[in-house]
Amino acid sequence: MNKLFALFLTGSLLLGIVAGCTPAPAPTEAELAPAEEMEEPMEEAEEPMTEKSKVVVWMAGDDARFMMESDIPAMFEEANPDYEVEIVQLPWDALHDKIVASFTGGESPSVSQGADHWVGEFAILGGLEPLDDFKSEMGYQDDDFLPNAWEHFRYADGVLYAAPFIWESRLLFYRTDLLEEAGFEGPPTNFEEMVEFGKALTNGEDQFGVAHQESWLDFHFFSWLLYAVGGDFVNEDFSECTLTNEAGIEAITFYKQLYDENIIPKDPAQRVETFKGFKEGYYAMAESGAWWFGLLGSQAPELEGKWDVALLPEDVTTITYGHPNPWVVPASSENKEGAKAWMAFMLQPEIAAEWADFYGQTPAIKAAFDDPKISDSPEQQAMLESALRGVNSLHNVPAAETITEVVWNMLAEVRDDIKEPEAAAEDTCQQMNDLLANK
Amino acid sequence: MAIRGLDHSKRFNNIAVQLRDIFIWIKKNYFIPATLAPALIILFAYVYYPAIYSLFLSFYKTRLITREEFIGFEHYIDIVFDPIFRRALFNTTIYSIGAIVGTVVCGLGLALILDSPLRGKDIFRGVFFIPYIIPFAAHTLLWYWLFDPRYGLVNFLLGFIGIDPVPWLTSSHWVLPAFILMDIWKRFGFAMVLFLAGLQTIPDDLYDAATVDGAGELNKLRFITLPLLTPVTLFIVIISFLHTFQLFIEPFVMTKGGPAYASISIVYIIYQEGFRTLNIGHSSAIAVILFIVIFVLTIALVRRFDIEQIY
């Protein structure tokens, strides 16, 4: 028995090795024939194409789930009978990593959803298909889209690497009941009022004026403060950190002031999860995005009539944090035509409105806001108004994810009095400049 | 004809003998490699080759996994002078020491209690072991909510004994103790089981002799139990050390290395450099440093616990 087993194993291994080392069979005469000679028989053998071309679409988290549950994939297949679509769901972190891995390992999707700040780092790696031709072939005009919806994705090399999918803006969510109790008729409209309202709405124990945010949400919160005071994270050609300039220091100082005056809880033990805090009236105001409309509807129906949204308070500019989120086509995509068909379909105003109505995400194309499905939606119209006031975000830079982490760690150092704003900005810029130089 | 038939039979016998010799030769020389081959091929493809390739990459400026320019030890020099890396090394070391000490002390204490005659001790053993089999991601998310400063169970319970809410994950002072607590909770059951097994191997004669000599319980613990548990302790310490020095899931899921880098760890930086900054060469260099640190400290630990000398 042992002998037989040994023989079997050895034989299998040797066979495997032999099979691996065996050269491919020599091409037949027919295979060696010039292409011209093959044309005729090929044409004769050709049958009507019955197999559909598959468009593989990678999407993140709930976006993918809602897309699968919506009628949109079926509508796409009906409008494009040559294609069938497969939606693949991935968590946001995994989506980023899988796209990067696909640049070297293959197995790319036809098209993928992305975050706006990924486009720069993907472009540097040469992993994305340029979309200038797609934009011009389809006749898309910048004026038909929300401001900067396309140009946001034009990298420093002058090439357009992504197409807009949805729009992300931030609004001020506030508890109308708490503001009324404190004697305010409406929300704050500028930074001075925000401080005034915030102080009045804070008792330091179980109610605070403005919500604390964690990690990347804190980065978005600070982005709004920075853009509103006229600052930016990087200079115009995205090559140098600008947090150490006057506006940068002013924004960091204002951020710290909100904590120092306990408008946002100074004591870490009093910082609670943002949505839950808002729901329970622990936080009277919070900066957040469109996904809160769904959360408030599903998880806090008892708050109906007790909350509202407004444009974020402004300072010297009305610019806040916001950006389009893109579709990207990997350079290694095996179905670029299918990818373009999918993007073109999703950019139709009625489809963008359908998606907004079904899931709540804001369209990037203006005509969608006139569609009856969302023309009466106060939430979508508020997002439109916010977008039209002007938005900005950290984009077109390498290592944007890491820069985001560097900034939110700086914010923690400042609010917890580990560093003064100037020193924190100096250290952060040093790290950011290394990352921007792709060191 | 008869002679020809004999020839055939002889030839057949010769072939059979030759075949048998070949089988024996194959068995002698190839059986072990053949049976090991599948495992070795997988190990080489997924462990050794990537490890060796990452060593190469650490000397190069890279574009994803492609080597672009040989830069010698530049990555290593950058890492040594990088304050974030030093912070990560400090955090990882503190976490590792705290978690190992806590796990050993709690595991040993419980094992001693459960080794004594106690009603329902089998149930306790099972209950204490459960945290060890909870998946890491679930364990981390569970604690994320338990640690919530206002709505979490931990602060709620502390409130009963008059302790103010602790900002477990939102304060740079508390985040590492929170991670240590989580790790002890997850692993002390595993240590307890190993210590219990170790306690079974200590002969009762030794305790009887010590009793006759007038030794108290404390002296028995100090001079008999603890020395004879040294091999088990060494095993637990090394396993825990290897595990804790690869701290990643907690900072990745709960804090993203914050607040203010208070929970950043070496493996988190490796991930960040590799998959976020996409600087694979730099990331590989940190991985090589981590390997050296773990290797050297493991050797030091083994030498520190000189088992032969104890026996």
# chains A, B, ... in the order shown; residues from 1 in each chain; ligands from 1
>>> interface_residues(of="chain A", to="chain B", cutoff="8 Å", atoms="only C-alpha atoms", output="number ranges by chain")
A: 3, 6-7, 9-10, 13, 97, 100, 104, 125, 215, 268-273, 398-402, 405, 408-413, 435
>>> write_last_selection(atoms="C-alpha atoms", output="PDB file, in the first residue's frame")
ATOM      1  CA  LYS A   3       4.618   1.462  -2.272  1.00  0.00           C
ATOM      2  CA  ALA A   6       4.598   6.527  -3.013  1.00  0.00           C
ATOM      3  CA  LEU A   7       4.408   5.600  -6.659  1.00  0.00           C
ATOM      4  CA  LEU A   9       2.597  10.676  -5.443  1.00  0.00           C
ATOM      5  CA  THR A  10       5.902  10.528  -7.250  1.00  0.00           C
ATOM      6  CA  LEU A  13       4.606  15.148  -9.149  1.00  0.00           C
ATOM      7  CA  ASP A  97      -6.900  48.716  -2.413  1.00  0.00           C
ATOM      8  CA  VAL A 100      -4.601  49.699  -6.895  1.00  0.00           C
ATOM      9  CA  THR A 104      -0.483  45.424 -11.447  1.00  0.00           C
ATOM     10  CA  LEU A 125       0.480  55.357 -11.256  1.00  0.00           C
ATOM     11  CA  SER A 215     -11.189  60.962  11.747  1.00  0.00           C
ATOM     12  CA  PRO A 268     -12.564  63.921  25.296  1.00  0.00           C
ATOM     13  CA  ALA A 269     -14.826  61.999  27.671  1.00  0.00           C
ATOM     14  CA  GLN A 270     -17.721  64.190  26.532  1.00  0.00           C
ATOM     15  CA  ARG A 271     -17.186  63.574  22.813  1.00  0.00           C
ATOM     16  CA  VAL A 272     -19.829  61.180  21.586  1.00  0.00           C
ATOM     17  CA  GLU A 273     -20.712  59.693  18.217  1.00  0.00           C
ATOM     18  CA  PRO A 398      -0.502  61.922  -4.500  1.00  0.00           C
ATOM     19  CA  ALA A 399      -1.161  60.101  -1.245  1.00  0.00           C
ATOM     20  CA  ALA A 400      -4.326  62.070  -0.492  1.00  0.00           C
ATOM     21  CA  GLU A 401      -5.478  59.406   1.964  1.00  0.00           C
ATOM     22  CA  THR A 402      -2.293  59.748   3.978  1.00  0.00           C
ATOM     23  CA  GLU A 405      -4.651  61.247   8.177  1.00  0.00           C
ATOM     24  CA  TRP A 408      -6.675  64.891  11.326  1.00  0.00           C
ATOM     25  CA  ASN A 409      -3.832  63.914  13.625  1.00  0.00           C
ATOM     26  CA  MET A 410      -2.742  67.551  13.574  1.00  0.00           C
ATOM     27  CA  LEU A 411      -6.276  68.594  14.524  1.00  0.00           C
ATOM     28  CA  ALA A 412      -6.184  66.205  17.495  1.00  0.00           C
ATOM     29  CA  GLU A 413      -2.855  67.658  18.616  1.00  0.00           C
ATOM     30  CA  LEU A 435       4.084  63.292   0.415  1.00  0.00           C
TER      31      LEU A 435
END
>>> residues_around(residues="Ile286 (chain B)", least_positions_apart="5", cutoff="12 Å", atoms="only C-alpha atoms", output="number ranges by chain")
B: 54-55, 57-59, 73-80, 82, 84-86, 88-89, 265-274, 279-281, 291-293
>>> atom_distance(atom1="CA of Met59 (chain A)", atom2="CA of Trp327 (chain A)")
9.5 Å
>>> closest_residue(among="A:Asp144, A:Gly305, A:Phe222, A:Val85", to="Asp71 (chain A)", atoms="only C-alpha atoms")
A:Val85
>>> select_by_dssp(residues="region 39-191 of chain A", states="strand (DSSP E)", output="count of residues only")
31
>>> select_by_dssp(residues="region 72-200 of chain A", states="helix (DSSP H, G or I)", output="number ranges by chain")
A: 72-79, 92-105, 118-124, 132-138, 142-144, 151-153, 176-181, 191-200
>>> atom_distance(atom1="CA of Val407 (chain A)", atom2="CA of Gly231 (chain A)")
14.3 Å
>>> closest_residue(among="A:Gly158, A:Pro313, A:Gly338, A:Pro372", to="Tyr227 (chain A)", atoms="only C-alpha atoms")
A:Pro313
>>> closest_residue(among="B:Leu142, B:Ile161, B:Val302, B:Ile113", to="Ile238 (chain B)", atoms="only C-alpha atoms")
B:Val302
